[in-house]
$ cat protein_28.cif   # mmCIF, C-alpha atoms
data_target
#
loop_
_atom_site.label_atom_id
_atom_site.label_comp_id
_atom_site.auth_asym_id
_atom_site.auth_seq_id
_atom_site.Cartn_x
_atom_site.Cartn_y
_atom_site.Cartn_z
CA MET A 25 145.33 77.47 100.50
CA LYS A 26 144.54 74.41 98.38
CA THR A 27 141.47 73.69 100.53
CA LEU A 28 140.24 77.27 100.06
CA PHE A 29 140.71 76.97 96.28
CA MET A 30 138.75 73.70 96.20
CA TYR A 31 135.97 75.26 98.27
CA LYS A 32 135.68 78.22 95.90
CA TYR A 33 135.76 75.85 92.92
CA LEU A 34 132.92 73.75 94.38
CA VAL A 35 130.84 76.86 95.13
CA LEU A 36 131.36 78.04 91.55
CA LEU A 37 130.32 74.65 90.19
CA MET A 38 127.21 74.65 92.37
CA LEU A 39 126.23 78.14 91.20
CA LEU A 40 126.80 77.14 87.58
CA PHE A 41 124.71 73.99 88.02
CA GLN A 42 121.94 75.99 89.69
CA THR A 43 121.92 78.50 86.80
CA ILE A 44 121.77 75.72 84.19
CA LEU A 45 119.02 73.96 86.13
CA SER A 46 116.99 77.16 86.48
CA SER A 47 117.34 77.91 82.77
CA ALA A 48 116.33 74.36 81.88
CA GLN A 49 113.15 74.76 83.89
CA VAL A 50 112.07 77.71 81.74
CA LYS A 51 110.06 76.73 78.70
CA LYS A 52 109.76 78.97 75.66
CA VAL A 53 106.94 78.86 73.12
CA LYS A 54 107.71 80.89 70.01
CA ASN A 55 105.85 82.76 67.29
CA ILE A 56 102.23 82.29 68.32
CA ASN A 57 99.99 84.47 66.16
CA TYR A 58 97.52 86.44 68.27
CA ALA A 59 95.58 88.17 65.47
CA GLY A 60 94.35 85.28 63.34
CA ASN A 61 96.64 86.04 60.41
CA THR A 62 100.07 84.99 59.14
CA ASP A 63 101.90 88.24 59.86
CA GLU A 64 105.09 87.86 61.94
CA ALA A 65 104.37 91.35 63.30
CA ASN A 66 101.37 89.85 65.11
CA THR A 67 103.20 87.12 67.00
CA LEU A 68 104.27 86.59 70.59
CA ASN A 69 106.67 84.43 72.61
CA ILE A 70 105.85 82.92 75.99
CA PHE A 71 108.29 82.08 78.78
CA TYR A 72 107.15 80.05 81.77
CA LYS A 73 108.65 77.89 84.48
CA ASN A 74 108.03 74.19 83.96
CA ASP A 75 106.83 73.33 87.46
CA SER A 76 103.68 72.30 89.28
CA VAL A 77 102.65 75.84 90.25
CA LYS A 78 99.45 76.97 88.55
CA ASN A 79 97.70 80.34 88.27
CA LYS A 80 100.91 82.34 88.17
CA PRO A 81 100.76 86.04 87.30
CA VAL A 82 101.49 86.93 83.68
CA LEU A 83 103.45 89.93 82.44
CA ILE A 84 102.98 91.15 78.86
CA PHE A 85 106.00 93.14 77.66
CA ILE A 86 105.70 95.72 74.85
CA HIS A 87 109.08 96.72 73.43
CA GLY A 88 110.22 100.21 72.50
CA GLY A 89 111.95 101.49 69.39
CA SER A 90 110.39 104.86 68.50
CA TRP A 91 107.30 103.08 67.11
CA SER A 92 109.41 102.14 64.06
CA SER A 93 111.86 99.43 65.18
CA GLY A 94 112.33 96.60 67.67
CA LYS A 95 111.30 92.96 67.90
CA LYS A 96 110.35 90.47 70.57
CA GLU A 97 113.43 88.26 70.06
CA THR A 98 115.70 90.96 71.47
CA TYR A 99 114.14 90.56 74.92
CA TRP A 100 114.48 86.81 75.46
CA TRP A 101 116.48 87.54 78.65
CA LEU A 102 113.54 89.49 80.08
CA GLY A 103 111.26 86.50 79.54
CA ARG A 104 113.74 84.05 81.01
CA ASN A 105 114.51 86.18 84.08
CA PHE A 106 110.87 86.85 84.95
CA ALA A 107 109.89 83.22 84.34
CA ARG A 108 112.61 82.05 86.73
CA LYS A 109 111.05 84.37 89.33
CA GLY A 110 107.62 82.77 88.91
CA VAL A 111 106.07 85.28 86.50
CA VAL A 112 104.89 83.90 83.15
CA THR A 113 106.09 86.38 80.53
CA VAL A 114 104.67 87.17 77.12
CA ILE A 115 106.77 89.30 74.77
CA ILE A 116 104.94 90.63 71.74
CA ASN A 117 105.60 91.98 68.29
CA TYR A 118 103.33 94.62 66.80
CA ARG A 119 103.21 96.40 63.46
CA LEU A 120 105.57 99.35 63.09
CA ALA A 121 105.90 102.63 61.20
CA PRO A 122 106.02 103.39 58.34
CA ASN A 123 103.66 100.50 57.59
CA VAL A 124 101.06 101.65 60.14
CA GLN A 125 100.43 104.56 62.51
CA TYR A 126 100.03 104.46 66.26
CA GLU A 127 96.35 103.42 66.38
CA LYS A 128 97.02 100.18 64.50
CA MET A 129 99.93 99.46 66.83
CA ALA A 130 97.64 99.95 69.82
CA ASP A 131 95.03 97.70 68.18
CA ASP A 132 97.69 94.99 67.91
CA CYS A 133 98.66 95.35 71.57
CA ALA A 134 95.02 95.07 72.65
CA LEU A 135 94.59 91.93 70.54
CA ALA A 136 97.70 90.43 72.12
CA VAL A 137 96.25 91.08 75.58
CA LYS A 138 92.98 89.49 74.47
CA TRP A 139 94.84 86.37 73.27
CA VAL A 140 96.62 86.15 76.62
CA LYS A 141 93.33 86.48 78.49
CA GLU A 142 91.83 83.62 76.48
CA HIS A 143 94.82 81.23 76.31
CA ILE A 144 97.37 81.86 79.05
CA ALA A 145 95.84 79.27 81.40
CA ASP A 146 97.46 76.67 79.10
CA TYR A 147 100.86 77.98 80.21
CA THR A 148 100.47 77.79 84.03
CA ALA A 149 99.26 81.41 84.38
CA SER A 150 95.99 82.95 85.49
CA PRO A 151 93.91 85.04 83.04
CA ASP A 152 92.88 87.08 86.08
CA LYS A 153 96.44 88.18 86.87
CA ILE A 154 97.46 90.08 83.73
CA PHE A 155 100.04 92.87 84.05
CA VAL A 156 101.42 95.00 81.22
CA MET A 157 104.93 96.42 81.06
CA GLY A 158 106.42 98.64 78.36
CA HIS A 159 109.63 100.52 77.71
CA SER A 160 109.76 103.82 75.80
CA ALA A 161 107.28 103.69 72.88
CA GLY A 162 106.07 100.35 74.24
CA ALA A 163 105.18 102.06 77.52
CA HIS A 164 103.18 104.65 75.56
CA LEU A 165 101.22 101.90 73.80
CA GLY A 166 100.68 99.94 77.01
CA GLU A 167 99.28 102.97 78.80
CA LEU A 168 97.24 104.05 75.78
CA ILE A 169 95.31 100.78 75.56
CA ASN A 170 94.91 100.82 79.34
CA ALA A 171 93.62 104.40 79.52
CA ASP A 172 91.65 104.89 76.28
CA PRO A 173 88.75 102.39 76.36
CA LYS A 174 88.27 102.31 72.58
CA TYR A 175 91.06 99.78 72.03
CA PHE A 176 89.71 96.99 74.21
CA LYS A 177 86.20 97.82 73.03
CA LYS A 178 87.36 97.24 69.45
CA ALA A 179 89.06 94.00 70.54
CA GLY A 180 85.77 92.87 72.07
CA ILE A 181 86.79 92.52 75.72
CA LYS A 182 86.77 94.52 78.94
CA ASN A 183 90.13 95.83 80.07
CA PRO A 184 91.69 92.84 81.94
CA ILE A 185 94.91 94.61 83.04
CA LYS A 186 95.47 94.35 86.81
CA GLY A 187 98.52 96.62 86.90
CA VAL A 188 100.84 98.63 84.65
CA ILE A 189 104.63 98.97 84.78
CA LEU A 190 106.10 101.82 82.73
CA ASN A 191 109.87 101.81 82.19
CA ASP A 192 111.09 105.21 80.96
CA PRO A 193 107.82 105.92 79.11
CA PHE A 194 108.07 108.14 76.05
CA GLY A 195 105.10 109.99 74.56
CA LEU A 196 102.74 110.20 77.53
CA ASP A 197 101.87 113.64 76.17
CA MET A 198 102.63 113.57 72.46
CA GLN A 199 100.90 116.90 71.91
CA GLU A 200 103.25 118.65 74.31
CA TYR A 201 106.30 116.89 72.90
CA LEU A 202 105.56 117.50 69.22
CA THR A 203 104.56 121.09 69.91
CA THR A 204 107.79 121.95 71.71
CA ALA A 205 110.34 119.49 70.29
CA GLU A 206 113.18 120.55 68.05
CA LYS A 207 112.48 119.68 64.41
CA ASP A 208 115.17 116.99 64.15
CA HIS A 209 115.13 113.52 62.59
CA PHE A 210 113.32 112.16 65.67
CA TYR A 211 110.57 114.72 65.20
CA PHE A 212 109.99 113.79 61.56
CA ASP A 213 110.17 110.10 62.42
CA PHE A 214 107.42 110.59 64.99
CA ILE A 215 105.30 112.61 62.55
CA ARG A 216 105.23 109.47 60.43
CA THR A 217 103.57 107.66 63.34
CA PHE A 218 101.35 110.45 64.71
CA THR A 219 100.64 112.56 61.58
CA ASP A 220 101.20 116.31 61.42
CA GLN A 221 97.85 117.12 63.06
CA PRO A 222 97.92 118.53 66.63
CA ALA A 223 94.39 117.19 67.22
CA VAL A 224 95.71 113.67 66.57
CA TRP A 225 98.66 114.22 68.91
CA LYS A 226 96.19 115.03 71.69
CA VAL A 227 94.09 111.91 71.05
CA ALA A 228 97.28 109.83 71.05
CA SER A 229 98.39 111.09 74.49
CA PRO A 230 97.72 108.74 77.42
CA LEU A 231 97.86 111.67 79.85
CA ASP A 232 94.60 112.87 78.32
CA TYR A 233 92.81 109.76 79.65
CA VAL A 234 94.10 109.67 83.23
CA SER A 235 90.57 109.91 84.62
CA ASN A 236 89.87 106.46 83.14
CA ILE A 237 92.77 104.76 84.92
CA LYS A 238 91.88 102.70 87.98
CA ASN A 239 94.56 99.99 88.15
CA PRO A 240 97.82 100.24 90.15
CA HIS A 241 100.94 101.64 88.46
CA LEU A 242 104.68 101.31 88.94
CA LEU A 243 106.69 104.01 87.17
CA PHE A 244 110.44 104.08 86.50
CA TYR A 245 112.50 106.76 84.81
CA GLY A 246 116.24 107.38 84.52
CA SER A 247 117.96 110.40 86.00
CA LYS A 248 119.82 110.87 82.71
CA THR A 249 116.94 110.15 80.33
CA TYR A 250 115.23 112.53 77.89
CA GLY A 251 113.77 115.72 79.30
CA ALA A 252 110.23 114.91 78.15
CA ILE A 253 110.28 111.64 80.11
CA LYS A 254 111.61 113.34 83.26
CA LEU A 255 108.82 115.90 82.95
CA GLN A 256 105.86 113.70 82.00
CA THR A 257 106.44 110.59 84.14
CA PRO A 258 106.20 112.50 87.45
CA ARG A 259 103.18 114.34 86.02
CA LEU A 260 101.43 111.01 85.45
CA TYR A 261 102.36 110.01 89.00
CA GLU A 262 100.86 113.19 90.46
CA LYS A 263 97.65 112.84 88.45
CA LEU A 264 97.16 109.20 89.46
CA LYS A 265 97.92 110.03 93.08
CA ALA A 266 95.38 112.87 93.01
CA ASN A 267 92.81 110.38 91.68
CA HIS A 268 93.61 107.95 94.53
CA VAL A 269 95.03 105.33 92.15
CA PRO A 270 97.75 103.19 93.80
CA VAL A 271 101.01 104.36 92.20
CA GLU A 272 104.73 104.25 92.91
CA ILE A 273 107.48 106.16 91.12
CA LYS A 274 111.22 105.51 91.17
CA GLU A 275 113.99 107.57 89.62
CA ILE A 276 116.91 105.31 88.69
CA LYS A 277 120.14 107.19 89.29
CA GLY A 278 122.73 107.37 86.52
CA LYS A 279 120.61 105.70 83.84
CA SER A 280 119.80 107.12 80.41
CA HIS A 281 117.02 105.87 78.14
CA VAL A 282 118.29 102.61 76.63
CA PRO A 283 120.14 101.46 79.79
CA MET A 284 116.83 101.73 81.63
CA ILE A 285 115.81 98.48 79.94
CA SER A 286 119.20 96.94 79.06
CA GLN A 287 120.15 96.87 82.76
CA MET A 288 117.53 94.13 83.13
CA ILE A 289 119.68 91.70 81.15
CA PHE A 290 121.01 90.80 84.58
CA GLY A 291 118.49 88.80 86.60
CA GLY A 292 119.68 90.31 89.87
CA ASN A 293 118.83 93.86 88.80
CA GLN A 294 116.82 95.78 91.42
CA LEU A 295 113.96 96.48 88.97
CA TYR A 296 113.03 92.79 89.04
CA LYS A 297 112.62 92.89 92.81
CA ASP A 298 110.49 96.03 92.56
CA ILE A 299 108.32 94.63 89.77
CA VAL A 300 107.81 91.18 91.33
CA GLU A 301 106.83 92.82 94.64
CA PHE A 302 104.42 95.13 92.80
CA ILE A 303 102.82 92.18 91.01
CA GLY A 304 102.58 90.28 94.30
CA ARG A 305 100.64 93.11 95.91
#
$ encode --input "protein_28.cif" --output "structure tokens"
Amino acid sequence: MKTLFMYKYLVLLMLLFQTILSSAQVKKVKNINYAGNTDEANTLNIFYKNDSVKNKPVLIFIHGGSWSSGKKETYWWLGRNFARKGVVTVIINYRLAPNVQYEKMADDCALAVKWVKEHIADYTASPDKIFVMGHSAGAHLGELINADPKYFKKAGIKNPIKGVILNDPFGLDMQEYLTTAEKDHFYFDFIRTFTDQPAVWKVASPLDYVSNIKNPHLLFYGSKTYGAIKLQTPRLYEKLKANHVPVEIKEIKGKSHVPMISQMIFGGNQLYKDIVEFIGR
């Protein structure tokens, strides 16, 4: 019995040491401004493994928060977990409502991608292996800059995104949502970001630009998430599939909207395996 206890104790110590060692190998660079100004809203954090491997893939994460809240610091665990798995991770801030509307947010995201393209080689990653991931409103912005060419054109670069990962994307069709949604506090909050003009809602909808999308996609949505997400995410999948764009879709059982991203606090979560495999392909 005592021998068994000592064995378990040693295994626990080894696991703890391995975790500490893995965390120590991850470097974090904070608050780099990507827009040539002094605004904290235009900063990013980088997480990368401090090893001899070069030309790693890089994942740019755009947070959610209804286009009006959220910050990069909340997702430090996402950066650490991906970095430990060999994926350099960039987590960005962008300006939020009510200070700006959606187009300025998308401009910020495109500028962040441009900065990564020009500088990420300094952090063991390849500028030719850029992937974008977003949750909720962040997924909307990630797909919008990927699908509507005006954002990268304004930033002065060609779209460098090799693949897109959307985690419970909200707002893929803002026109549909704002036309049919109940007029609650969410509705009026979104009007702040997308105006009260249906023509603007249409222009702001990534689903309107599907014909422009050529890069592979990995789509996740929760079985208990919002109805609009459960409707529009499979619609994006079907449209991409019809256009012969490589795309996978996975419904995550039992998950509602926020848990779709918070589950990734744990480095062993299945979504990491799916995403790392997708990036590897």
$ atom_distance --input "protein_28.cif" --atom1 "atom CA of Ser235 of chain A" --atom2 "atom CA of Asn183 of chain A"
14.8 Å
$ closest_residue --input "protein_28.cif" --among "A:Gly89, A:Pro240, A:Gly304, A:Pro222" --to "His164 of chain A" --atoms "only C-alpha atoms"
A:Gly89
$ residues_around --input "protein_28.cif" --residues "segment 153-155 of chain A" --least-positions-apart "4" --cutoff "8 Å" --atoms "all atoms listed in the file" --output "ChimeraX atom specification"
/A:80-84,141,149,184-189,303
$ atom_distance --input "protein_28.cif" --atom1 "atom CA of Asn79 of chain A" --atom2 "atom CA of Val50 of chain A"
16.0 Å
$ closest_residue --input "protein_28.cif" --among "A:Asp131, A:Ala161, A:Gly278, A:Asp152" --to "Lys178 of chain A" --atoms "only C-alpha atoms"
A:Asp131
$ closest_residue --input "protein_28.cif" --among "A:Asn123, A:Gln49, A:Thr219, A:Asn267" --to "Asn74 of chain A" --atoms "all atoms listed in the file"
A:Gln49
$ closest_residue --input "protein_28.cif" --among "A:Gln287, A:Ser280, A:Asn117, A:Ser76" --to "Ile56 of chain A" --atoms "only C-alpha atoms"
A:Asn117
$ atom_distance --input "protein_28.cif" --atom1 "atom CA of Val271 of chain A" --atom2 "atom CA of Asn239 of chain A"
8.8 Å
$ residues_around --input "protein_28.cif" --residues "Val300 of chain A" --least-positions-apart "2" --cutoff "9 Å" --atoms "all atoms listed in the file" --output "JSON, numbers by chain"
{"A": [106, 109, 110, 111, 295, 296, 297, 298, 302, 303, 304, 305]}
$ residues_around --input "protein_28.cif" --residues "Lys128 of chain A" --least-positions-apart "2" --cutoff "12 Å" --atoms "all atoms listed in the file" --output "tab-separated table (two decimals) with C-alpha atoms, in the frame of the given file"
chain	number	residue	atom	x	y	z
A	65	ALA	CA	104.37	91.35	63.30
A	66	ASN	CA	101.37	89.85	65.11
A	91	TRP	CA	107.30	103.08	67.11
A	118	TYR	CA	103.33	94.62	66.80
A	119	ARG	CA	103.21	96.40	63.46
A	120	LEU	CA	105.57	99.35	63.09
A	121	ALA	CA	105.90	102.63	61.20
A	122	PRO	CA	106.02	103.39	58.34
A	123	ASN	CA	103.66	100.50	57.59
A	124	VAL	CA	101.06	101.65	60.14
A	125	GLN	CA	100.43	104.56	62.51
A	126	TYR	CA	100.03	104.46	66.26
A	130	ALA	CA	97.64	99.95	69.82
A	131	ASP	CA	95.03	97.70	68.18
A	132	ASP	CA	97.69	94.99	67.91
A	133	CYS	CA	98.66	95.35	71.57
A	134	ALA	CA	95.02	95.07	72.65
A	135	LEU	CA	94.59	91.93	70.54
A	165	LEU	CA	101.22	101.90	73.80
A	168	LEU	CA	97.24	104.05	75.78
A	169	ILE	CA	95.31	100.78	75.56
A	175	TYR	CA	91.06	99.78	72.03
A	178	LYS	CA	87.36	97.24	69.45
A	179	ALA	CA	89.06	94.00	70.54
A	217	THR	CA	103.57	107.66	63.34
A	218	PHE	CA	101.35	110.45	64.71
A	228	ALA	CA	97.28	109.83	71.05
$ resolve_selection --input "protein_28.cif" --expression "the PyMOL selection byres ((chain A and resi 283) around 12)" --output "ChimeraX atom specification"
/A:159-160,191-192,245-249,276-282,284-290,293
